[in-house]
>>> print(open('final.cif').read())   # mmCIF, C-alpha atoms
data_upload
#
loop_
_atom_site.label_atom_id
_atom_site.label_comp_id
_atom_site.auth_asym_id
_atom_site.auth_seq_id
_atom_site.Cartn_x
_atom_site.Cartn_y
_atom_site.Cartn_z
CA MET A 34 77.05 -126.96 -4.72
CA HIS A 35 78.11 -123.79 -3.02
CA LEU A 36 76.47 -124.64 0.30
CA ILE A 37 78.07 -128.06 0.31
CA ASP A 38 81.53 -126.58 -0.21
CA ILE A 39 81.04 -124.21 2.68
CA TYR A 40 79.73 -127.03 4.87
CA ILE A 41 82.78 -129.19 4.12
CA GLN A 42 85.07 -126.26 4.78
CA GLU A 43 83.31 -125.65 8.11
CA VAL A 44 84.00 -129.23 9.14
CA THR A 45 87.57 -129.59 7.87
CA ARG A 46 88.87 -126.28 9.20
CA ARG A 47 88.27 -127.68 12.69
CA LEU A 48 90.29 -130.81 12.01
CA PRO A 49 94.01 -131.51 12.23
CA GLU A 50 95.82 -130.94 8.94
CA LYS A 51 96.76 -134.55 8.31
CA ASN A 52 93.17 -135.83 8.27
CA ARG A 53 91.62 -132.99 6.32
CA GLU A 54 91.99 -134.21 2.77
CA ASP A 55 90.73 -137.71 3.39
CA ILE A 56 87.73 -136.60 5.42
CA GLU A 57 86.91 -133.92 2.85
CA LEU A 58 86.84 -136.48 0.04
CA GLU A 59 84.77 -138.93 2.04
CA LEU A 60 82.34 -136.28 3.20
CA ARG A 61 81.86 -134.94 -0.31
CA SER A 62 81.15 -138.37 -1.76
CA THR A 63 78.76 -139.14 1.10
CA ILE A 64 76.81 -135.94 0.59
CA GLU A 65 76.60 -136.54 -3.14
CA ASP A 66 75.36 -140.07 -2.42
CA MET A 67 72.51 -138.58 -0.45
CA LEU A 68 71.44 -136.32 -3.32
CA PRO A 69 69.83 -137.08 -6.69
CA GLU A 70 71.34 -135.82 -9.96
CA ASN A 71 70.67 -132.11 -10.52
CA TYR A 72 69.49 -131.54 -6.98
CA SER A 73 67.84 -128.32 -5.88
CA GLU A 74 69.10 -126.07 -3.11
CA LYS A 75 66.27 -127.29 -0.89
CA GLU A 76 67.43 -130.87 -1.28
CA ALA A 77 71.01 -129.87 -0.54
CA LYS A 78 69.86 -128.16 2.63
CA GLU A 79 67.97 -131.24 3.74
CA ALA A 80 71.01 -133.43 3.20
CA LEU A 81 73.22 -131.06 5.18
CA ALA A 82 70.61 -130.82 7.92
CA SER A 83 70.77 -134.60 8.35
CA LEU A 84 74.53 -134.31 8.91
CA GLY A 85 73.95 -131.72 11.60
CA ASN A 86 76.06 -128.91 13.01
CA PRO A 87 79.52 -128.96 11.37
CA ALA A 88 81.16 -128.23 14.72
CA LEU A 89 79.58 -131.34 16.19
CA LEU A 90 80.57 -133.49 13.24
CA ALA A 91 84.13 -132.17 13.42
CA SER A 92 84.31 -132.92 17.14
CA GLY A 93 83.27 -136.48 16.35
CA TYR A 94 86.22 -136.80 13.98
CA SER A 95 88.62 -135.08 16.30
CA ASP A 96 90.47 -136.88 19.08
CA GLN A 97 90.71 -133.69 21.08
CA PRO A 98 88.17 -133.22 23.84
CA MET A 99 85.64 -130.42 23.33
CA GLN A 100 86.28 -128.99 26.76
CA LEU A 101 89.15 -127.23 28.41
CA ILE A 102 89.25 -129.51 31.44
CA GLY A 103 87.24 -132.71 31.42
CA PRO A 104 85.92 -134.99 34.15
CA ARG A 105 89.19 -136.91 34.39
CA TYR A 106 91.12 -133.84 35.51
CA PHE A 107 88.42 -131.58 36.90
CA ASP A 108 88.43 -132.74 40.51
CA MET A 109 92.22 -132.63 40.73
CA TYR A 110 92.19 -129.23 39.04
CA VAL A 111 89.76 -127.72 41.54
CA THR A 112 91.59 -129.26 44.50
CA LEU A 113 94.90 -127.84 43.30
CA LEU A 114 93.38 -124.40 42.80
CA LYS A 115 91.84 -124.37 46.26
CA MET A 116 95.14 -125.43 47.80
CA ILE A 117 97.56 -123.25 45.87
CA ILE A 118 95.73 -119.94 45.35
CA PRO A 119 95.28 -119.13 49.08
CA MET A 120 98.96 -119.93 49.70
CA VAL A 121 100.06 -117.71 46.82
CA ALA A 122 97.79 -114.94 48.13
CA ILE A 123 99.27 -115.15 51.62
CA ILE A 124 102.86 -115.25 50.37
CA THR A 125 102.16 -112.24 48.14
CA LEU A 126 100.75 -110.30 51.08
CA ILE A 127 103.79 -111.13 53.24
CA VAL A 128 106.16 -110.13 50.44
CA VAL A 129 104.36 -106.82 49.85
CA ILE A 130 104.39 -105.93 53.55
CA THR A 131 108.07 -106.83 53.97
CA GLU A 132 108.98 -104.88 50.85
CA ASN A 133 107.20 -101.79 52.10
CA ILE A 134 108.88 -101.99 55.48
CA ILE A 135 112.35 -102.44 54.00
CA THR A 136 112.00 -99.61 51.51
CA TYR A 137 110.38 -97.23 53.99
CA ASN A 138 112.52 -94.12 54.25
CA GLY A 139 110.83 -92.64 57.29
CA GLU A 140 109.74 -89.47 55.56
CA GLU A 141 106.35 -90.25 54.14
CA ALA A 142 103.26 -90.06 56.28
CA ILE A 143 102.56 -93.32 58.04
CA LEU A 144 98.90 -93.34 57.04
CA GLY A 145 99.85 -92.98 53.38
CA THR A 146 102.33 -95.82 53.69
CA MET A 147 99.74 -98.06 55.29
CA LEU A 148 97.20 -97.25 52.59
CA SER A 149 99.79 -98.03 49.96
CA VAL A 150 100.53 -101.36 51.67
CA VAL A 151 96.82 -102.19 51.61
CA GLY A 152 96.53 -101.10 47.97
CA HIS A 153 99.61 -102.95 46.80
CA GLY A 154 98.66 -105.98 48.86
CA PHE A 155 95.19 -106.08 47.37
CA TRP A 156 96.47 -105.64 43.84
CA GLY A 157 99.26 -108.16 44.42
CA ILE A 158 96.81 -110.78 45.69
CA ILE A 159 94.52 -110.30 42.69
CA SER A 160 97.27 -110.39 40.08
CA SER A 161 99.15 -113.32 41.63
CA SER A 162 95.88 -115.27 41.96
CA ILE A 163 95.04 -114.66 38.30
CA HIS A 164 98.55 -115.74 37.33
CA THR A 165 98.30 -118.90 39.37
CA PHE A 166 94.84 -119.65 38.02
CA PHE A 167 96.05 -119.18 34.46
CA TRP A 168 99.14 -121.37 34.76
CA ILE A 169 97.40 -124.20 36.59
CA THR A 170 94.59 -124.13 34.03
CA LEU A 171 97.06 -124.11 31.15
CA VAL A 172 99.08 -127.02 32.52
CA ILE A 173 96.01 -129.16 33.19
CA ALA A 174 94.47 -128.30 29.81
CA ILE A 175 97.68 -129.42 28.07
CA LEU A 176 97.76 -132.58 30.17
CA GLU A 177 94.15 -133.28 29.20
CA ARG A 178 95.16 -133.09 25.54
CA THR A 179 98.34 -135.11 25.80
CA ASP A 180 97.04 -137.85 28.06
CA ALA A 181 97.32 -140.89 25.82
CA SER A 182 95.60 -143.31 28.19
CA LYS A 183 92.07 -144.31 27.21
CA ASP A 184 91.08 -144.26 30.86
CA LYS A 185 88.30 -141.80 31.65
CA SER A 186 88.14 -142.20 35.41
CA PRO A 187 89.00 -139.12 37.47
CA LEU A 188 92.50 -138.67 38.82
CA THR A 189 93.30 -137.91 42.42
CA PRO A 190 95.40 -134.83 43.25
CA ASN A 191 98.54 -136.97 43.50
CA TRP A 192 98.16 -137.91 39.83
CA LYS A 193 97.22 -141.51 40.39
CA GLU A 194 94.10 -143.60 40.10
CA TRP A 195 92.04 -143.78 43.26
CA THR A 196 92.49 -146.76 45.53
CA PRO A 197 90.97 -147.38 48.97
CA ASP A 198 94.46 -146.86 50.43
CA ASP A 199 94.14 -143.18 49.52
CA LEU A 200 91.63 -142.87 52.35
CA LYS A 201 94.38 -143.55 54.86
CA ASN A 202 96.07 -140.30 53.90
CA ILE A 203 92.96 -138.22 54.50
CA PRO A 204 92.38 -137.11 58.05
CA TYR A 205 88.86 -137.54 59.33
CA ILE A 206 87.95 -134.08 60.50
CA ARG A 207 85.48 -133.61 63.30
CA LYS A 208 83.54 -130.39 63.29
CA GLU A 209 84.61 -129.49 66.83
CA LYS A 210 88.28 -129.97 65.99
CA LYS A 211 88.24 -128.17 62.70
CA ILE A 212 90.40 -125.09 62.28
CA SER A 213 88.39 -122.55 60.36
CA LYS A 214 89.85 -120.59 57.45
CA ALA A 215 88.90 -117.43 59.35
CA ASP A 216 91.11 -118.55 62.23
CA ILE A 217 94.09 -119.00 59.92
CA PHE A 218 93.42 -115.75 58.13
CA GLY A 219 93.21 -114.08 61.55
CA SER A 220 96.63 -115.46 62.48
CA PHE A 221 98.22 -114.05 59.35
CA PHE A 222 96.38 -110.78 59.82
CA TRP A 223 97.67 -110.31 63.37
CA ILE A 224 101.19 -111.20 62.34
CA ALA A 225 101.00 -108.53 59.63
CA ILE A 226 99.62 -105.95 62.09
CA PHE A 227 102.32 -106.83 64.60
CA VAL A 228 105.07 -106.41 62.01
CA VAL A 229 103.77 -103.01 60.97
CA VAL A 230 103.35 -101.83 64.57
CA TYR A 231 106.72 -103.18 65.77
CA PHE A 232 108.71 -101.47 63.06
CA ASN A 233 106.68 -98.26 63.20
CA ALA A 234 106.00 -97.96 66.92
CA PHE A 235 107.94 -94.67 67.08
CA ARG A 236 105.34 -92.97 64.89
CA LEU A 237 102.25 -95.03 65.66
CA ILE A 238 101.96 -95.67 69.38
CA GLY A 239 102.11 -92.73 71.69
CA VAL A 240 100.51 -89.42 72.43
CA TYR A 241 98.52 -87.59 69.79
CA GLU A 242 97.71 -83.94 70.30
CA LYS A 243 95.75 -81.38 68.43
CA VAL A 244 98.28 -78.93 67.09
CA GLU A 245 96.95 -76.14 64.89
CA GLY A 246 93.67 -77.98 64.47
CA LYS A 247 95.37 -81.14 63.23
CA LEU A 248 95.88 -84.35 65.12
CA GLN A 249 99.61 -84.82 65.36
CA PHE A 250 101.86 -87.42 66.85
CA VAL A 251 103.95 -85.80 69.57
CA ILE A 252 105.45 -88.32 72.01
CA PRO A 253 106.11 -91.97 71.26
CA THR A 254 105.41 -94.44 74.05
CA PHE A 255 108.39 -96.65 73.38
CA ASN A 256 112.04 -96.03 73.05
CA GLN A 257 112.46 -97.16 69.48
CA GLU A 258 116.16 -97.95 69.79
CA VAL A 259 115.56 -100.25 72.73
CA LEU A 260 112.56 -101.81 71.03
CA HIS A 261 114.53 -102.48 67.85
CA SER A 262 117.57 -103.87 69.60
CA TYR A 263 115.52 -107.04 70.01
CA TRP A 264 114.90 -107.45 66.28
CA LEU A 265 116.66 -110.81 66.06
CA ILE A 266 114.51 -112.61 68.60
CA VAL A 267 111.42 -110.81 67.31
CA LEU A 268 112.21 -112.08 63.81
CA PHE A 269 112.69 -115.57 65.16
CA MET A 270 109.33 -115.37 66.93
CA LEU A 271 107.64 -114.09 63.75
CA LEU A 272 109.06 -116.90 61.64
CA LEU A 273 107.77 -119.37 64.19
CA GLU A 274 104.34 -117.73 64.08
CA VAL A 275 104.21 -117.83 60.28
CA ALA A 276 105.37 -121.45 60.19
CA PHE A 277 102.74 -122.38 62.74
CA ALA A 278 99.99 -120.60 60.81
CA PHE A 279 100.97 -122.51 57.65
CA TYR A 280 101.05 -125.76 59.59
CA LYS A 281 97.54 -125.04 60.88
CA LEU A 282 96.43 -124.46 57.29
CA ILE A 283 97.75 -127.86 56.25
CA ALA A 284 96.72 -129.81 59.36
CA ALA A 285 93.19 -128.34 59.20
CA GLN A 286 92.29 -129.73 62.63
CA TRP A 287 93.52 -129.71 66.19
CA THR A 288 95.73 -132.62 67.14
CA THR A 289 97.93 -133.24 70.15
CA LYS A 290 100.94 -132.53 67.95
CA LEU A 291 99.46 -129.21 66.92
CA ALA A 292 98.62 -128.37 70.53
CA ILE A 293 102.23 -129.07 71.53
CA MET A 294 103.50 -126.87 68.70
CA ASN A 295 101.05 -124.21 69.81
CA THR A 296 102.51 -124.42 73.31
CA VAL A 297 106.06 -124.03 72.00
CA ARG A 298 104.97 -121.03 69.94
CA ILE A 299 103.29 -119.39 72.92
CA VAL A 300 106.19 -120.10 75.27
CA VAL A 301 108.61 -118.51 72.79
CA SER A 302 106.45 -115.44 72.25
CA THR A 303 105.90 -115.08 76.00
CA ILE A 304 109.64 -115.26 76.68
CA VAL A 305 110.28 -112.67 73.96
CA PHE A 306 107.56 -110.46 75.40
CA ILE A 307 108.89 -110.71 78.96
CA ILE A 308 112.47 -110.02 77.87
CA ILE A 309 111.43 -106.89 76.00
CA PHE A 310 109.02 -105.66 78.63
CA ASN A 311 111.46 -106.16 81.47
CA ASN A 312 113.84 -103.63 80.00
CA ASN A 313 113.44 -100.51 82.12
CA SER A 314 114.44 -98.15 79.35
CA LEU A 315 111.81 -99.50 76.97
CA ILE A 316 109.33 -96.77 77.78
CA ASN A 317 110.26 -93.33 76.57
CA PRO A 318 110.99 -91.05 79.61
CA GLU A 319 109.17 -88.19 77.86
CA PHE A 320 106.07 -90.33 77.79
CA TYR A 321 106.28 -90.71 81.59
CA MET A 322 106.67 -87.01 82.03
CA TYR A 323 103.71 -86.39 79.80
CA LEU A 324 101.54 -88.73 81.89
CA GLU A 325 102.74 -87.13 85.10
CA ASP A 326 101.90 -83.68 83.76
CA LEU A 327 98.54 -84.86 82.62
CA PHE A 328 97.41 -86.44 85.86
CA HIS A 329 99.56 -84.39 88.30
CA PHE A 330 100.68 -87.60 89.85
CA THR A 331 104.00 -89.39 90.03
CA PHE A 332 103.73 -92.73 88.30
CA GLU A 333 105.60 -95.72 89.52
CA LEU A 334 105.06 -97.53 86.28
CA GLN A 335 108.11 -99.73 86.32
CA GLY A 336 107.10 -102.10 89.09
CA PRO A 337 103.40 -102.93 89.39
CA VAL A 338 102.24 -102.00 85.89
CA GLN A 339 105.02 -103.98 84.25
CA LEU A 340 104.20 -106.95 86.44
CA GLY A 341 100.48 -106.58 85.72
CA VAL A 342 100.94 -106.51 81.96
CA ILE A 343 103.24 -109.52 82.03
CA LEU A 344 100.84 -111.40 84.30
CA MET A 345 97.93 -110.68 81.96
CA TRP A 346 99.94 -111.87 78.97
CA VAL A 347 100.83 -115.08 80.80
CA ILE A 348 97.20 -115.74 81.77
CA LEU A 349 95.99 -115.24 78.19
CA SER A 350 98.79 -117.50 76.96
CA VAL A 351 97.87 -120.25 79.39
CA ILE A 352 94.24 -120.06 78.24
CA ASP A 353 95.39 -120.34 74.62
CA VAL A 354 97.55 -123.39 75.40
CA VAL A 355 94.75 -125.10 77.33
CA GLN A 356 92.25 -124.40 74.53
CA GLY A 357 94.60 -126.08 72.06
CA PHE A 358 94.84 -129.25 74.13
CA ARG A 359 91.13 -129.23 74.89
CA LYS A 360 90.28 -129.11 71.18
CA ALA A 361 92.88 -131.75 70.39
CA ASN A 362 91.44 -134.13 72.96
CA ILE A 363 87.79 -133.91 71.95
CA LYS A 364 86.62 -137.47 71.55
CA ARG A 365 83.22 -138.67 70.70
CA MET B 230 57.69 -137.74 23.59
CA SER B 231 59.06 -136.02 26.64
CA LYS B 232 62.60 -134.65 26.54
CA LEU B 233 63.73 -136.91 29.34
CA LEU B 234 62.39 -140.02 27.67
CA SER B 235 64.00 -139.23 24.34
CA SER B 236 67.35 -138.51 26.00
CA LEU B 237 67.10 -141.81 27.92
CA ILE B 238 66.32 -143.67 24.70
CA THR B 239 69.29 -142.04 22.96
CA GLU B 240 71.50 -143.11 25.82
CA LEU B 241 70.12 -146.64 25.73
CA ARG B 242 70.84 -146.93 22.04
CA ARG B 243 74.24 -145.32 22.03
CA GLY B 244 75.99 -148.42 23.31
CA THR B 245 74.39 -150.64 20.69
CA LEU B 246 75.50 -148.49 17.74
CA THR B 247 78.96 -149.99 17.46
CA LEU B 248 77.49 -153.46 17.41
CA ALA B 249 74.89 -152.47 14.80
CA VAL B 250 77.53 -150.92 12.54
CA LEU B 251 80.00 -153.79 12.90
CA SER B 252 77.26 -156.30 12.11
CA GLN B 253 76.66 -154.68 8.73
CA LEU B 254 80.29 -154.53 7.71
CA LYS B 255 80.81 -158.20 6.90
CA THR B 256 80.59 -157.06 3.29
CA PRO B 257 82.26 -153.79 2.21
CA GLN B 258 80.05 -150.74 2.57
CA TYR B 259 80.51 -147.05 1.99
CA GLY B 260 79.10 -144.42 4.32
CA TYR B 261 75.74 -143.76 2.73
CA SER B 262 75.03 -147.39 1.80
CA LEU B 263 75.56 -148.26 5.44
CA VAL B 264 73.05 -145.61 6.51
CA GLN B 265 70.49 -147.09 4.13
CA LEU B 266 71.19 -150.63 5.29
CA LEU B 267 70.71 -149.66 8.89
CA GLU B 268 67.58 -147.67 8.16
CA LYS B 269 66.10 -150.61 6.26
CA SER B 270 66.39 -152.67 9.45
CA GLY B 271 64.75 -149.86 11.41
CA VAL B 272 67.95 -148.71 13.12
CA SER B 273 68.13 -144.95 12.86
CA ILE B 274 71.54 -143.48 13.43
CA ASP B 275 72.64 -139.89 13.41
CA GLN B 276 74.87 -139.41 10.40
CA SER B 277 77.03 -137.00 12.35
CA THR B 278 77.71 -139.90 14.72
CA LEU B 279 78.11 -142.61 12.10
CA TYR B 280 80.91 -141.18 9.95
CA PRO B 281 83.21 -140.32 12.82
CA LEU B 282 82.41 -143.74 14.31
CA LEU B 283 83.59 -145.45 11.13
CA ARG B 284 86.91 -143.64 11.26
CA ARG B 285 87.31 -144.49 14.94
CA LEU B 286 86.66 -148.17 14.23
CA GLU B 287 89.32 -147.98 11.53
CA LYS B 288 91.77 -146.43 13.95
CA GLN B 289 91.01 -149.23 16.43
CA GLU B 290 91.80 -151.67 13.60
CA LEU B 291 88.37 -153.28 13.72
CA VAL B 292 87.65 -152.29 10.12
CA GLU B 293 89.76 -151.68 7.06
CA SER B 294 89.08 -149.04 4.48
CA SER B 295 89.86 -148.60 0.80
CA TRP B 296 89.05 -146.00 -1.80
CA ASP B 297 87.17 -147.22 -4.87
CA THR B 298 87.80 -144.88 -7.75
CA THR B 299 86.42 -147.04 -10.55
CA GLU B 300 82.93 -145.56 -10.41
CA SER B 301 81.80 -142.07 -11.32
CA ARG B 302 82.50 -140.75 -7.86
CA PRO B 303 85.17 -142.07 -5.51
CA ARG B 304 83.85 -143.89 -2.46
CA LYS B 305 85.51 -145.06 0.67
CA TYR B 306 84.60 -148.63 1.52
CA TYR B 307 84.79 -150.11 4.98
CA VAL B 308 84.93 -153.80 5.81
CA LEU B 309 85.58 -155.83 8.97
CA SER B 310 89.18 -156.83 9.60
CA GLU B 311 90.02 -160.23 11.08
CA TYR B 312 90.31 -158.65 14.47
CA GLY B 313 86.95 -156.95 13.81
CA ILE B 314 85.29 -160.28 13.05
CA GLU B 315 86.62 -161.69 16.30
CA ILE B 316 85.42 -158.70 18.30
CA LEU B 317 82.02 -158.76 16.59
CA GLU B 318 81.54 -162.39 17.64
CA GLN B 319 82.40 -161.60 21.25
CA LEU B 320 80.20 -158.50 21.27
CA THR B 321 77.30 -160.47 19.82
CA GLY B 322 77.68 -163.05 22.58
CA GLU B 323 77.76 -160.31 25.15
CA TRP B 324 74.66 -158.70 23.65
CA GLU B 325 72.71 -161.93 23.77
CA LYS B 326 73.72 -162.46 27.36
CA THR B 327 72.66 -158.90 28.27
CA THR B 328 69.26 -159.24 26.60
CA ARG B 329 68.63 -162.54 28.39
CA GLU B 330 69.56 -160.99 31.72
CA LEU B 331 67.43 -157.94 31.11
CA GLN B 332 64.51 -160.03 29.99
CA THR B 333 64.69 -162.00 33.24
CA LEU B 334 64.79 -158.76 35.16
CA LEU B 335 61.90 -157.22 33.26
CA LYS B 336 59.76 -160.36 33.44
CA GLY B 337 60.49 -160.65 37.15
CA ASP B 338 59.26 -157.12 37.46
CA VAL B 339 55.95 -158.08 35.86
CA GLU B 340 55.53 -161.07 38.18
CA ASN B 341 56.30 -159.06 41.29
CA ALA B 342 54.25 -156.05 40.31
CA PRO B 343 51.24 -155.31 42.49
CA ASP B 344 47.90 -155.93 40.79
#
>>> encode(input="final.cif", output="structure tokens")
Amino acid sequence: MHLIDIYIQEVTRRLPEKNREDIELELRSTIEDMLPENYSEKEAKEALASLGNPALLASGYSDQPMQLIGPRYFDMYVTLLKMIIPMVAIITLIVVITENIITYNGEEAILGTMLSVVGHGFWGIISSSIHTFFWITLVIAILERTDASKDKSPLTPNWKEWTPDDLKNIPYIRKEKKISKADIFGSFFWIAIFVVVYFNAFRLIGVYEKVEGKLQFVIPTFNQEVLHSYWLIVLFMLLLEVAFAFYKLIAAQWTTKLAIMNTVRIVVSTIVFIIIFNNNSLINPEFYMYLEDLFHFTFELQGPVQLGVILMWVILSVIDVVQGFRKANIKR
Amino acid sequence: MSKLLSSLITELRRGTLTLAVLSQLKTPQYGYSLVQLLEKSGVSIDQSTLYPLLRRLEKQELVESSWDTTESRPRKYYVLSEYGIEILEQLTGEWEKTTRELQTLLKGDVENAPD
């Protein structure tokens, strides 16, 4: 008797309240039907064995699925995760970097600040990814349990049943045209590096000398005030770069449209670069003097070197533009 | 019997369970009497599958249930509803059609088989 009570309890505790009593009664009468009068414990065990694992029996009675996310939602779930988590990670990284730049008071050591950016960025990416994972999982798991439709076929990421028309919305991606994730990550990485360097050029780029056995920053290359006076156009250029990197992420392959956008992006950044580099007071005069002292030679940096750097930038830009169109026009 | 074979057989039978159960519910039956009826005809069914199946059929309005408390222990009886009778007829027709089709397929296989 005792074993049977426990068995029934094991089944009913897994069931919704409203069905418990009825199922308990039915189960008890069924088990008693299976047993003779004055049954032994061995006989009781045999009867219970034929009913099987109580968890399995309970899941048969229950309307709830015995999985967190079933086949109907799984594909959509994975697709959403793959799409949203990288975006959240990137946004977190951008937010952390911006935050650190804004709150920087100019007193702490630059290396320490950079390490803290890396640390906070890493931690931010992990925690925001876990958050995103949790919430997406929770939402889909609830949907799975509230979905009243009897349909078991998988859903597409736009929440509808699949039809052949869905194929029209999916670009056919050729291997040669594909934009790799590494490429996109690289774009974001360089943007981040650029931001850090631009706002910290006065204590990053320049002359380092050994003073009292320690490597110390003595003369900055750039005139920070001049460099920063261009912040508005630099910000505009950065926004364009970020937008383009996101667009690349979504487009996933080179198209003529993308190549044109790439051209616009490069033209803008080239113009910004030329404007900044053409300013004659950009380079710190002390830095010139230092070079002159070092090489015992009077540098005429302004003219030829400036021109050379700009020319090099333009050549690299042209190559980049051409590459974009070449990839976009691959046909086979 | 190999594991694969037994799992294939289980799968093959799963679809026929509903039909087997419905066919025996033209007269009212309670859980255990149904098990015995089915076993007598050689149909073995997992009891952990059968009882939930009965409740599901009730929810789908194919069978109706009632508690009989006149005997020494209360029993829940299940019997086909009108809708259930209708569905059973259609399912039976479908089953016969399927067996005919399969038989043709299987026979054809014998004829085409290499000697």
>>> atom_distance(input="final.cif", atom1="atom CA of Thr256 of chain B", atom2="atom CA of Glu54 of chain A")
25.5 Å
>>> axis_aligned_box(input="final.cif", around="segment 196-203 of chain A", padding_each_side="6 Å", output="lines of an AutoDock Vina configuration file")
center_x = 93.5
center_y = -142.8
center_z = 50.2
size_x = 17.1
size_y = 21.2
size_z = 21.3
>>> closest_residue(input="final.cif", among="A:Gly85, A:Ala276, A:Pro197, A:Ala77", to="Arg298 of chain A", atoms="all atoms listed in the file")
A:Ala276
>>> atom_distance(input="final.cif", atom1="atom CA of Ile308 of chain A", atom2="atom CA of Phe221 of chain A")
23.7 Å
>>> closest_residue(input="final.cif", among="B:Glu287, B:Val272, B:Thr333, B:Tyr261", to="Arg304 of chain B", atoms="only C-alpha atoms")
B:Tyr261
>>> interface_residues(input="final.cif", of="chain A", to="chain B", cutoff="7 Å", atoms="all atoms listed in the file", output="number ranges by chain")
A: 59, 62-63, 66-67, 83-85, 90, 93-94
>>> atom_distance(input="final.cif", atom1="atom CA of Arg105 of chain A", atom2="atom CA of Thr196 of chain A")
15.2 Å
>>> residues_around(input="final.cif", residues="segment 117-127 of chain A", least_positions_apart="3", cutoff="9 Å", atoms="all atoms listed in the file", output="list in words")
Thr112, Leu113, Leu114, Ile130, Thr131, Glu132, Val150, His153, Gly154, Phe155, Gly157, Ile158, Ile159, Ser161, Ser162, Ile163, Thr165, Phe166, Phe218, Phe221, Ala225 and Phe279 of chain A
>>> resolve_selection(input="final.cif", expression="the PyMOL selection byres ((chain A and resi 357) around 9)", output="list of chain:residue names")
A:Trp287, A:Thr288, A:Thr289, A:Leu291, A:Ala292, A:Ile293, A:Asn295, A:Thr296, A:Ile352, A:Asp353, A:Val354, A:Val355, A:Gln356, A:Phe358, A:Arg359, A:Lys360, A:Ala361, A:Asn362
>>> closest_residue(input="final.cif", among="B:Glu323, B:Glu290, B:Asp297, B:Glu330", to="Leu309 of chain B", atoms="all atoms listed in the file")
B:Glu290
>>> closest_residue(input="final.cif", among="A:Tyr241, A:Tyr72, A:Phe222, A:Phe107", to="Tyr323 of chain A", atoms="all atoms listed in the file")
A:Tyr241
>>> residues_around(input="final.cif", residues="Trp324 of chain B", least_positions_apart="4", cutoff="9 Å", atoms="all atoms listed in the file", output="list in words")
Thr245, Leu248, Gln319, Leu320, Thr328 and Arg329 of chain B
>>> resolve_selection(input="final.cif", expression="the PyMOL selection byres ((chain A and resi 301) around 12)", output="number ranges by chain")
A: 266-274, 294-300, 302-308, 347, 350
>>> resolve_selection(input="final.cif", expression="the PyMOL selection byres ((chain A and resi 99) around 12)", output="list in words")
Arg47, Ala88, Leu89, Leu90, Ala91, Ser92, Gly93, Tyr94, Ser95, Asp96, Gln97, Pro98, Gln100, Leu101, Ile102, Gly103, Pro104, Ala174, Glu177 and Arg178 of chain A
>>> closest_residue(input="final.cif", among="A:Thr136, A:Asn317, A:Asn311, A:Ser220", to="Leu340 of chain A", atoms="all atoms listed in the file")
A:Asn311
>>> residues_around(input="final.cif", residues="Ser73 of chain A", least_positions_apart="3", cutoff="12 Å", atoms="only C-alpha atoms", output="ChimeraX atom specification")
/A:34-37,68-70,76-80
>>> write_last_selection(input="final.cif", atoms="C-alpha atoms", output="mmCIF file, in the coordinates of the input")
data_model
loop_
_atom_site.group_PDB
_atom_site.id
_atom_site.type_symbol
_atom_site.label_atom_id
_atom_site.label_comp_id
_atom_site.auth_asym_id
_atom_site.auth_seq_id
_atom_site.Cartn_x
_atom_site.Cartn_y
_atom_site.Cartn_z
ATOM 1 C CA MET A 34 77.050 -126.960 -4.720
ATOM 2 C CA HIS A 35 78.110 -123.790 -3.020
ATOM 3 C CA LEU A 36 76.470 -124.640 0.300
ATOM 4 C CA ILE A 37 78.070 -128.060 0.310
ATOM 5 C CA LEU A 68 71.440 -136.320 -3.320
ATOM 6 C CA PRO A 69 69.830 -137.080 -6.690
ATOM 7 C CA GLU A 70 71.340 -135.820 -9.960
ATOM 8 C CA GLU A 76 67.430 -130.870 -1.280
ATOM 9 C CA ALA A 77 71.010 -129.870 -0.540
ATOM 10 C CA LYS A 78 69.860 -128.160 2.630
ATOM 11 C CA GLU A 79 67.970 -131.240 3.740
ATOM 12 C CA ALA A 80 71.010 -133.430 3.200
#
>>> decode(input="final.cif", residues="segment 291-295 of chain A", atoms="N, CA, C and O atoms", output="PDB file, in the first residue's frame")
ATOM      1  N   LEU A 291      26.950  48.025 -51.605  1.00  0.00           N
ATOM      2  CA  LEU A 291      27.928  48.040 -50.508  1.00  0.00           C
ATOM      3  C   LEU A 291      29.226  48.691 -50.971  1.00  0.00           C
ATOM      4  O   LEU A 291      29.837  49.476 -50.246  1.00  0.00           O
ATOM      5  N   ALA A 292      29.632  48.372 -52.205  1.00  0.00           N
ATOM      6  CA  ALA A 292      30.872  48.932 -52.746  1.00  0.00           C
ATOM      7  C   ALA A 292      30.755  50.450 -52.858  1.00  0.00           C
ATOM      8  O   ALA A 292      31.705  51.184 -52.573  1.00  0.00           O
ATOM      9  N   ILE A 293      29.561  50.931 -53.257  1.00  0.00           N
ATOM     10  CA  ILE A 293      29.355  52.378 -53.364  1.00  0.00           C
ATOM     11  C   ILE A 293      29.429  53.016 -51.979  1.00  0.00           C
ATOM     12  O   ILE A 293      30.100  54.037 -51.783  1.00  0.00           O
ATOM     13  N   MET A 294      28.780  52.354 -50.992  1.00  0.00           N
ATOM     14  CA  MET A 294      28.834  52.875 -49.625  1.00  0.00           C
ATOM     15  C   MET A 294      30.270  52.883 -49.104  1.00  0.00           C
ATOM     16  O   MET A 294      30.690  53.818 -48.419  1.00  0.00           O
ATOM     17  N   ASN A 295      30.997  51.839 -49.471  1.00  0.00           N
ATOM     18  CA  ASN A 295      32.407  51.753 -49.083  1.00  0.00           C
ATOM     19  C   ASN A 295      33.182  52.942 -49.654  1.00  0.00           C
ATOM     20  O   ASN A 295      34.011  53.550 -48.990  1.00  0.00           O
TER      21      ASN A 295
END
